[in-house]
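The file entry-v4.txt comes next; it holds compact mmCIF, C-alpha atoms.
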# COMPACT_ATOMS: atom_id res chain seq x y z
CA MET A 83 8.19 65.39 95.98
CA GLY A 84 4.59 64.67 96.74
CA LEU A 85 1.18 65.14 95.26
CA GLU A 86 1.19 68.87 96.17
CA TYR A 87 4.39 69.37 94.18
CA VAL A 88 3.16 67.71 91.01
CA LYS A 89 -0.39 69.12 90.99
CA ILE A 90 -1.10 71.34 87.97
CA SER A 91 -2.02 74.99 88.56
CA PRO A 92 -5.64 75.72 87.60
CA GLY A 93 -6.01 76.74 83.96
CA PHE A 94 -2.88 74.90 82.77
CA GLU A 95 -4.40 71.42 82.54
CA LYS A 96 -4.92 71.47 78.78
CA TYR A 97 -1.33 72.57 78.06
CA MET A 98 0.39 69.82 80.03
CA PRO A 99 1.59 66.63 78.30
CA ARG A 100 -0.62 63.58 78.68
CA ASP A 101 2.01 61.66 80.67
CA TYR A 102 2.14 64.40 83.27
CA VAL A 103 -1.63 64.71 83.60
CA ASP A 104 -1.82 60.93 84.01
CA LEU A 105 0.80 61.07 86.78
CA VAL A 106 -1.31 63.56 88.74
CA GLU A 107 -4.65 61.83 88.14
CA PHE A 108 -3.74 58.13 88.17
CA GLY A 109 -0.31 58.25 89.80
CA GLN A 110 1.13 56.56 92.85
CA PHE A 111 1.45 59.54 95.20
CA GLY A 112 -0.60 59.33 98.37
CA LYS A 113 -1.97 55.86 97.61
CA GLU A 114 -1.21 52.41 98.95
CA ILE A 115 -0.10 50.60 95.81
CA ASP A 116 0.41 46.86 95.58
CA VAL A 117 2.88 45.52 93.03
CA MET A 118 0.16 43.26 91.59
CA GLN A 119 -1.67 46.41 90.44
CA MET A 120 1.09 47.19 87.92
CA GLY A 121 -0.39 48.19 84.59
CA GLN A 122 -3.49 49.70 86.19
CA PHE A 123 -2.05 53.02 87.36
CA LYS A 124 0.44 55.56 86.05
CA GLU A 125 3.88 54.44 87.20
CA LEU A 126 6.48 56.80 88.65
CA VAL A 127 9.09 55.86 86.08
CA GLU A 128 8.61 57.13 82.54
CA GLU A 129 9.82 55.96 79.15
CA HIS A 130 13.61 55.51 79.22
CA PRO A 131 16.41 54.74 76.76
CA MET A 132 17.42 51.33 78.18
CA CYS A 133 17.73 48.42 75.73
CA ALA A 134 14.75 46.32 74.69
CA GLY A 135 14.20 43.43 77.08
CA CYS A 136 16.61 44.75 79.73
CA TYR A 137 15.85 43.15 83.05
CA MET A 138 17.59 45.92 84.93
CA ALA A 139 14.82 48.16 83.57
CA TYR A 140 12.29 45.63 84.84
CA PHE A 141 13.85 45.57 88.29
CA ILE A 142 13.76 49.38 88.41
CA ARG A 143 10.12 49.39 87.34
CA VAL A 144 9.21 47.06 90.21
CA PHE A 145 11.45 49.05 92.57
CA TYR A 146 9.48 52.26 92.02
CA THR A 147 6.18 50.44 92.51
CA ALA A 148 7.44 48.90 95.75
CA LEU A 149 8.62 52.13 97.41
CA PRO A 150 6.83 52.45 100.76
CA LYS A 151 6.77 56.26 100.57
CA PRO A 152 7.80 57.64 97.18
CA GLU A 153 7.14 61.25 98.20
CA ASP A 154 9.77 61.02 100.96
CA THR A 155 12.39 59.06 99.03
CA ILE A 156 15.59 60.19 97.35
CA VAL A 157 17.35 57.85 94.92
CA LEU A 158 21.07 57.95 94.23
CA GLY A 159 22.78 56.48 91.24
CA THR A 160 26.01 56.66 89.34
CA ALA A 161 27.40 56.11 85.87
CA GLY A 162 26.14 52.84 84.44
CA CYS A 163 22.97 51.55 82.85
CA ALA A 164 20.63 51.98 85.83
CA ARG A 165 20.85 55.77 85.84
CA LEU A 166 19.20 55.89 82.39
CA ALA A 167 15.89 54.84 83.94
CA LEU A 168 16.40 56.25 87.44
CA SER A 169 16.67 59.78 86.05
CA GLN A 170 13.33 59.39 84.25
CA ALA A 171 11.21 58.98 87.38
CA ALA A 172 9.08 61.35 89.44
CA VAL A 173 11.32 60.77 92.47
CA PRO A 174 14.32 63.04 93.18
CA PHE A 175 17.50 61.54 91.79
CA ILE A 176 21.11 62.46 92.60
CA TYR A 177 23.90 61.47 90.26
CA GLY A 178 27.04 60.69 92.25
CA ASN A 179 30.51 60.53 90.77
CA TYR A 180 31.52 57.05 89.75
CA GLY A 181 31.99 55.05 92.90
CA ASP A 182 31.05 57.60 95.53
CA THR A 183 27.29 57.02 95.73
CA ASN A 184 27.45 55.57 99.23
CA ALA A 185 29.55 58.48 100.50
CA VAL A 186 27.05 60.98 99.05
CA ALA A 187 24.17 58.97 100.50
CA SER A 188 25.78 58.98 103.96
CA GLY A 189 25.97 62.77 104.00
CA LEU A 190 22.52 63.15 102.53
CA LYS A 191 20.91 60.86 105.08
CA ARG A 192 22.57 62.67 107.98
CA ALA A 193 21.54 66.07 106.60
CA LEU A 194 17.95 64.92 106.12
CA SER A 195 17.73 63.62 109.68
CA ILE A 196 18.86 67.05 110.96
CA ARG A 197 16.60 69.04 108.62
CA PHE A 198 13.51 66.81 109.12
CA PRO A 199 13.93 65.29 112.60
CA ASP A 200 10.28 64.22 112.90
CA LYS A 201 9.91 62.78 109.40
CA GLU A 202 11.08 59.50 107.89
CA LYS A 203 13.15 60.23 104.78
CA ASP A 204 14.36 57.23 102.82
CA VAL A 205 17.63 57.29 100.91
CA VAL A 206 18.22 54.48 98.42
CA VAL A 207 21.35 53.85 96.38
CA ILE A 208 20.92 51.89 93.17
CA ALA A 209 24.14 51.29 91.30
CA GLY A 210 25.71 48.56 89.25
CA ASP A 211 28.34 46.00 90.14
CA GLY A 212 31.10 48.35 88.91
CA GLY A 213 29.88 51.32 90.91
CA LEU A 214 29.51 49.42 94.17
CA MET A 215 31.87 46.44 94.18
CA ASP A 216 34.76 47.52 91.92
CA ILE A 217 35.38 51.24 91.71
CA GLY A 218 33.17 52.25 94.63
CA PHE A 219 34.24 49.35 96.83
CA GLY A 220 35.89 51.48 99.52
CA MET A 221 32.99 53.92 99.80
CA THR A 222 30.45 51.11 99.93
CA MET A 223 32.32 49.18 102.60
CA HIS A 224 32.96 52.21 104.78
CA SER A 225 29.33 53.33 104.68
CA TRP A 226 28.48 49.87 106.03
CA PHE A 227 31.24 49.97 108.67
CA ARG A 228 29.85 53.31 109.86
CA ARG A 229 26.33 51.80 110.04
CA GLU A 230 24.77 54.51 107.90
CA LYS A 231 20.99 54.15 107.79
CA PHE A 232 20.19 53.78 104.12
CA THR A 233 19.54 51.03 101.58
CA THR A 234 22.06 49.92 98.97
CA ILE A 235 20.77 47.99 95.97
CA MET A 236 23.26 46.43 93.59
CA VAL A 237 21.81 45.73 90.15
CA ASP A 238 24.35 43.18 89.04
CA ASN A 239 24.66 42.68 85.28
CA GLU A 240 28.08 41.04 85.67
CA VAL A 241 29.80 43.28 83.12
CA TYR A 242 30.62 46.90 82.28
CA GLY A 243 27.77 47.11 79.78
CA ASN A 244 28.05 50.83 79.01
CA THR A 245 31.65 50.81 77.85
CA GLY A 246 31.75 47.77 75.60
CA GLY A 247 31.91 44.71 77.85
CA GLN A 248 34.90 44.69 80.21
CA GLU A 249 34.90 42.10 82.98
CA SER A 250 33.95 43.26 86.46
CA GLY A 251 34.59 41.75 89.86
CA MET A 252 31.12 40.29 89.71
CA SER A 253 31.53 38.47 86.36
CA PRO A 254 31.45 34.70 86.80
CA LYS A 255 34.73 32.77 86.58
CA GLY A 256 35.77 31.71 83.10
CA ILE A 257 33.44 34.03 81.25
CA GLN A 258 34.67 35.50 77.95
CA LEU A 259 33.53 39.00 77.15
CA LYS A 260 34.12 41.33 74.22
CA MET A 261 36.79 43.32 76.03
CA ALA A 262 38.04 40.36 78.09
CA PRO A 263 38.78 37.71 75.45
CA THR A 264 41.03 35.49 77.57
CA GLY A 265 38.29 34.75 80.07
CA LYS A 266 37.97 35.77 83.67
CA LYS A 267 40.45 34.05 85.97
CA PHE A 268 38.93 34.81 89.37
CA ASP A 269 35.73 33.95 91.16
CA LYS A 270 32.72 36.20 91.46
CA ILE A 271 32.85 38.36 94.59
CA ASN A 272 30.51 37.11 97.28
CA ALA A 273 28.83 40.45 97.92
CA VAL A 274 26.12 39.10 100.20
CA GLU A 275 28.61 37.61 102.67
CA LEU A 276 30.71 40.77 102.56
CA ALA A 277 27.66 42.85 103.45
CA GLN A 278 26.80 40.57 106.34
CA THR A 279 30.34 40.79 107.73
CA ALA A 280 30.56 44.55 107.20
CA GLY A 281 27.55 45.25 109.40
CA CYS A 282 24.41 45.32 107.25
CA VAL A 283 21.30 44.49 109.27
CA TYR A 284 19.31 43.15 106.32
CA VAL A 285 20.81 41.36 103.34
CA ALA A 286 19.08 39.73 100.37
CA ARG A 287 20.05 38.12 97.08
CA ILE A 288 17.38 37.91 94.44
CA SER A 289 16.77 37.07 90.80
CA PRO A 290 13.87 39.05 89.32
CA THR A 291 11.47 36.21 88.59
CA ASN A 292 8.71 37.03 91.03
CA PRO A 293 7.47 40.65 91.26
CA LYS A 294 5.76 40.09 94.59
CA ARG A 295 8.95 38.81 96.15
CA ILE A 296 11.06 41.66 94.73
CA ALA A 297 8.62 44.20 96.16
CA LYS A 298 8.63 42.49 99.54
CA VAL A 299 12.43 42.46 99.73
CA ILE A 300 12.72 46.13 98.70
CA ARG A 301 10.07 47.20 101.21
CA ARG A 302 11.74 45.26 104.01
CA ALA A 303 15.17 46.67 103.19
CA ILE A 304 13.90 50.26 103.22
CA LEU A 305 11.88 49.84 106.42
CA ALA A 306 14.79 48.18 108.22
CA ALA A 307 17.18 50.94 107.09
CA ARG A 308 14.99 53.62 108.64
CA LYS A 309 15.57 52.32 112.15
CA PHE A 310 18.51 49.98 112.44
CA GLY A 311 21.33 50.48 109.94
CA PRO A 312 22.59 49.70 106.46
CA THR A 313 20.70 47.21 104.32
CA PHE A 314 21.80 45.56 101.09
CA ILE A 315 20.08 43.85 98.16
CA HIS A 316 22.03 41.98 95.50
CA ALA A 317 19.83 41.62 92.41
CA TYR A 318 20.66 39.71 89.27
CA THR A 319 19.74 41.87 86.28
CA SER A 320 21.20 40.23 83.18
CA CYS A 321 22.78 42.20 80.35
CA ASN A 322 21.17 40.66 77.29
CA ILE A 323 23.48 42.60 74.94
CA GLU A 324 26.91 41.70 76.37
CA TYR A 325 25.89 38.16 77.30
CA SER A 326 24.06 37.64 73.98
CA ILE A 327 20.79 36.49 75.49
CA PRO A 328 17.92 36.70 72.97
CA THR A 329 15.40 39.14 74.47
CA ARG A 330 12.69 36.50 74.46
CA GLU A 331 14.86 34.29 76.71
CA VAL A 332 15.71 36.96 79.30
CA LEU A 333 13.16 35.78 81.85
CA ALA A 334 14.08 32.16 81.17
CA ASP A 335 17.72 33.03 81.89
CA ALA A 336 16.76 34.74 85.16
CA ARG A 337 14.80 31.63 86.15
CA GLN A 338 17.73 29.41 85.30
CA ARG A 339 20.21 31.48 87.27
CA GLU A 340 17.82 31.43 90.22
CA LYS A 341 18.22 27.67 90.34
CA LYS A 342 22.03 27.92 90.28
CA ASP A 343 24.01 30.75 91.90
CA PHE A 344 21.25 33.30 92.43
CA LYS A 345 19.06 31.29 94.78
CA PHE A 346 16.83 33.52 96.84
CA TYR A 347 18.60 34.35 100.09
CA GLU A 348 17.49 36.60 102.89
CA TRP A 349 19.23 37.32 106.15
CA MET A 350 18.45 39.78 108.91
CA THR A 351 19.28 40.39 112.55
CA ASP A 352 16.85 39.27 115.23
CA GLU A 353 15.71 42.77 116.15
CA VAL A 354 15.00 43.57 112.48
CA LYS A 355 13.03 40.35 112.18
CA GLU A 356 10.91 41.27 115.18
CA TYR A 357 10.32 44.80 113.88
CA LEU A 358 9.37 43.67 110.36
CA ASN A 359 7.09 40.92 111.63
CA GLU A 360 5.24 43.47 113.71
CA ILE A 361 4.80 45.88 110.78
CA GLU A 362 3.70 43.13 108.38
CA LYS A 363 1.25 41.76 110.93
CA LYS A 364 -0.31 45.20 111.35
CA ALA A 365 -0.56 45.68 107.58
CA LYS A 366 -2.35 42.33 107.26
CA GLU A 367 -4.84 43.25 109.97
CA VAL A 368 -5.62 46.55 108.24
CA LYS A 369 -6.19 44.73 104.95
CA SER A 370 -8.57 42.16 106.41
CA MET B 188 9.35 49.41 60.44
CA TYR B 189 9.69 47.55 63.71
CA PHE B 190 7.96 44.89 65.79
CA VAL B 191 5.53 45.57 68.60
CA ALA B 192 3.42 43.22 70.66
CA GLU B 193 -0.28 42.94 69.98
CA VAL B 194 -2.78 41.36 72.35
CA ASP B 195 -5.67 39.29 71.01
CA GLU B 196 -8.16 40.88 73.40
CA LYS B 197 -10.92 38.36 72.77
CA GLU B 198 -8.66 35.44 73.60
CA CYS B 199 -6.96 37.27 76.50
CA SER B 200 -10.22 38.19 78.27
CA LYS B 201 -10.99 34.48 78.77
CA TYR B 202 -8.19 34.09 81.30
CA ASN B 203 -8.02 37.30 83.41
CA CYS B 204 -4.41 36.36 84.28
CA LYS B 205 -2.35 39.59 83.94
CA GLN B 206 0.97 37.74 84.06
CA CYS B 207 2.44 39.44 80.96
CA VAL B 208 1.77 42.87 82.50
CA LEU B 209 3.76 41.92 85.59
CA PHE B 210 6.86 40.87 83.62
CA CYS B 211 7.13 43.66 81.01
CA PRO B 212 10.30 45.74 81.53
CA GLU B 213 8.78 48.94 80.15
CA PRO B 214 6.64 51.13 82.42
CA ASN B 215 3.01 51.50 81.36
CA CYS B 216 3.66 49.67 78.09
CA LEU B 217 1.58 46.57 78.70
CA ASN B 218 -1.47 47.66 80.68
CA PHE B 219 -4.51 45.93 82.08
CA LYS B 220 -8.09 46.95 81.37
CA GLU B 221 -10.28 45.97 84.27
CA SER B 222 -13.51 46.57 82.38
CA GLY B 223 -12.69 43.99 79.69
CA HIS B 224 -10.34 41.79 81.83
CA THR B 225 -7.71 42.04 79.14
CA ALA B 226 -4.17 43.29 78.64
CA TRP B 227 -3.50 45.98 76.05
CA VAL B 228 -0.34 47.44 74.53
CA TRP B 229 0.58 51.12 74.32
CA TYR B 230 2.31 50.71 70.93
CA ASP B 231 4.47 53.87 71.20
CA ARG B 232 6.17 52.48 74.29
CA CYS B 233 6.76 48.91 73.09
CA LYS B 234 10.38 48.07 72.21
CA GLY B 235 9.50 44.62 70.89
CA CYS B 236 11.46 42.47 73.36
CA GLU B 237 8.96 39.56 73.28
CA ILE B 238 9.18 38.82 77.02
CA CYS B 239 5.36 39.01 77.13
CA VAL B 240 5.21 36.45 74.31
CA TYR B 241 7.52 34.17 76.30
CA VAL B 242 5.28 34.49 79.37
CA CYS B 243 2.01 34.03 77.47
CA SER B 244 3.00 31.38 74.93
CA ASP B 245 6.01 29.49 76.33
CA LEU B 246 5.20 29.53 80.05
CA LEU B 247 1.40 29.63 80.17
CA LYS B 248 0.59 28.14 76.71
CA ARG B 249 -2.19 30.66 76.15
CA ASN B 250 -0.97 32.23 72.90
CA CYS B 251 -2.76 35.56 73.25
CA ILE B 252 0.11 37.85 72.21
CA GLU B 253 1.89 38.02 68.88
CA MET B 254 4.45 40.35 67.35
CA VAL B 255 3.25 42.56 64.50
CA MET B 256 5.11 44.92 62.19
CA VAL B 257 4.26 48.61 62.46
CA LYS B 258 5.20 51.31 59.98
CA THR B 259 6.10 54.83 60.93
CA GLY B 260 6.36 58.05 59.01
CA ASP B 261 3.74 57.49 56.29
Any chance you could put this one into structure tokens?
Amino acid sequence: MGLEYVKISPGFEKYMPRDYVDLVEFGQFGKEIDVMQMGQFKELVEEHPMCAGCYMAYFIRVFYTALPKPEDTIVLGTAGCARLALSQAAVPFIYGNYGDTNAVASGLKRALSIRFPDKEKDVVVIAGDGGLMDIGFGMTMHSWFRREKFTTIMVDNEVYGNTGGQESGMSPKGIQLKMAPTGKKFDKINAVELAQTAGCVYVARISPTNPKRIAKVIRRAILAARKFGPTFIHAYTSCNIEYSIPTREVLADARQREKKDFKFYEWMTDEVKEYLNEIEKKAKEVKS
Amino acid sequence: MYFVAEVDEKECSKYNCKQCVLFCPEPNCLNFKESGHTAWVWYDRCKGCEICVYVCSDLLKRNCIEMVMVKTGD
């Protein structure tokens, strides 16, 4: 997708819905957008059926703003909450079977590099904790072992929110949920360390309390994946329904968790660090 | 009947801060008008989660946003 694909044929302007016309006139395609400009342009993601005050929806909103090249990006998702918003964006979206997003992404990335050898095509997987760390665990791990060059983002709501609140491998120890009344008996999986061991070249853990930082992490992960290998972001996106967080307190909860077990963490290999520093230095020079 | 956020534009334009816009989970729901330096709400898109009220009133103590009841169908 790009601006040429979304442009309206002459004569049809007055028949198109307002949202679509806005996307063409004030959209993100072909522009350098900064995340601090949110609310001043037409965003790629449209209205979606996610719950009021859902911070997964917020993370996805920032994600689409932060994409370095939305016209050359393909997003993959799976069953879970995130796909409700991902499928409402002006970026191609592929719906994998539950758990096999990373396998689909591996094939897709390889096919794209054969079909467009002189173009950078970004593939990004966004799935929940169930899709990546429980049911899709094998596929996720093996895509990392094979050093596939795409980004995996885990939007971790610590519960199976779509199906009534079963515990997942990412739920914290001791937590009682609607479909897990005896409380969870095991610790939360340490996904970030797993990713590091499995061969990711860039790993980050983040709580969505600072839009600028989220955008920076997403940009870095995508840029590093283009050249070096798999990258992984573990984002805390609370489920205010299953965890009974009043919507007004959702951001407060994210800030609190950031102080405890979701402290900002970023790790990358030396060559990635060098590469990213170079790119960010160049971008700064262009700006000034 | 349901709640949506409403920005007091006169009060909001004093600060030029834009923080509520950056923390709203809905796309293009809370927007920023550069001409008046104020945030404004696209009422049809607002789900009434009050995160903007938390940012404006609880965090920044500026009290520019309040929740109002809207009626539909009449």
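Using only C-alpha atoms, the protein and nucleic acid residues lying no more than 9 Å from Leu85 (chain A), apart from those fewer than 5 places from it along its own chain, are Val106, Gly109, Gln110, Phe111, Gly112 and Glu153 of chain A.
In this comparison, which uses all atoms listed in the file, the residue of A:Ala134, A:Ile296, A:Val103, A:Ile288 approaching Val191 (chain B) most closely is A:Ala134.
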Per residue of chain B within 10 Å of chain A, note the shortest atom pair and the distance in Å to one decimal, counting only C-alpha atoms, and order the rows by chain and increasing residue number, as a Markdown table.
| residue | atom | partner | partner_atom | distance |
| --- | --- | --- | --- | --- |
| B:Lys205 | CA | A:Gly121 | CA | 8.8 |
| B:Gln206 | CA | A:Met118 | CA | 9.4 |
| B:Cys207 | CA | A:Gly121 | CA | 9.9 |
| B:Val208 | CA | A:Gly121 | CA | 6.1 |
| B:Leu209 | CA | A:Met120 | CA | 6.4 |
| B:Phe210 | CA | A:Tyr140 | CA | 7.3 |
| B:Cys211 | CA | A:Tyr140 | CA | 6.7 |
| B:Pro212 | CA | A:Tyr140 | CA | 3.9 |
| B:Glu213 | CA | A:Tyr140 | CA | 6.7 |
| B:Pro214 | CA | A:Arg143 | CA | 6.3 |
| B:Asn215 | CA | A:Gly121 | CA | 5.7 |
| B:Cys216 | CA | A:Gly121 | CA | 7.8 |
| B:Leu217 | CA | A:Gly121 | CA | 6.4 |
| B:Asn218 | CA | A:Gly121 | CA | 4.1 |
| B:Phe219 | CA | A:Gly121 | CA | 5.3 |
| B:Lys220 | CA | A:Gln122 | CA | 7.2 |
| B:Glu221 | CA | A:Gln122 | CA | 8.0 |
| B:Ala226 | CA | A:Gly121 | CA | 8.6 |
| B:Trp227 | CA | A:Gly121 | CA | 9.4 |
| B:Asp231 | CA | A:Glu129 | CA | 9.8 |
| B:Arg232 | CA | A:Glu129 | CA | 7.0 |
| B:Cys233 | CA | A:Ala134 | CA | 8.6 |
| B:Lys234 | CA | A:Ala134 | CA | 5.3 |
| B:Gly235 | CA | A:Ala134 | CA | 6.7 |
| B:Cys236 | CA | A:Gly135 | CA | 4.7 |
| B:Glu237 | CA | A:Arg330 | CA | 5.0 |
| B:Ile238 | CA | A:Arg330 | CA | 4.9 |
| B:Cys239 | CA | A:Arg330 | CA | 8.2 |
| B:Val240 | CA | A:Arg330 | CA | 7.5 |
| B:Tyr241 | CA | A:Arg330 | CA | 6.0 |
| B:Val242 | CA | A:Leu333 | CA | 8.4 |
| B:Asp245 | CA | A:Ala334 | CA | 9.8 |
| B:Leu246 | CA | A:Ala334 | CA | 9.3 |
Taking into account all atoms listed in the file, which residue in the set B:Asn250, B:Thr225, B:Ser244, B:Thr259 is nearest to Met188 (chain B)? B:Thr259
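Across A:Asp269, A:Asp238, A:Asp101, A:Glu360, the tightest approach to Ala171 (chain A) is made by A:Asp101 when counting all atoms listed in the file.
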Which residues, written as an MDAnalysis selection string, have at least one atom at most 9 Å from region 191-204 of chain A, with only C-alpha atoms counted and residues fewer than 6 positions away on the same chain left out? chainID A and resid 151:157 230:233 304:305 307:308
Using only C-alpha atoms for the distances, tell me which of A:Phe219, A:Tyr318, A:Tyr102, A:Tyr242 is nearest to Ala161 (chain A). A:Tyr242
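Remark: for Asn179 (chain A), the closest of the candidate residues A:Pro263, A:Pro150, A:Pro99, A:Gly213 is A:Gly213 (distances computed over all atoms listed in the file).
Using only C-alpha atoms, the protein and nucleic acid residues lying at most 12 Å from the point (6.7, 49.9, 58.1) are Met188, Tyr189, Phe190, Val191, Val255, Met256, Val257, Lys258, Thr259, Gly260 and Asp261 of chain B.
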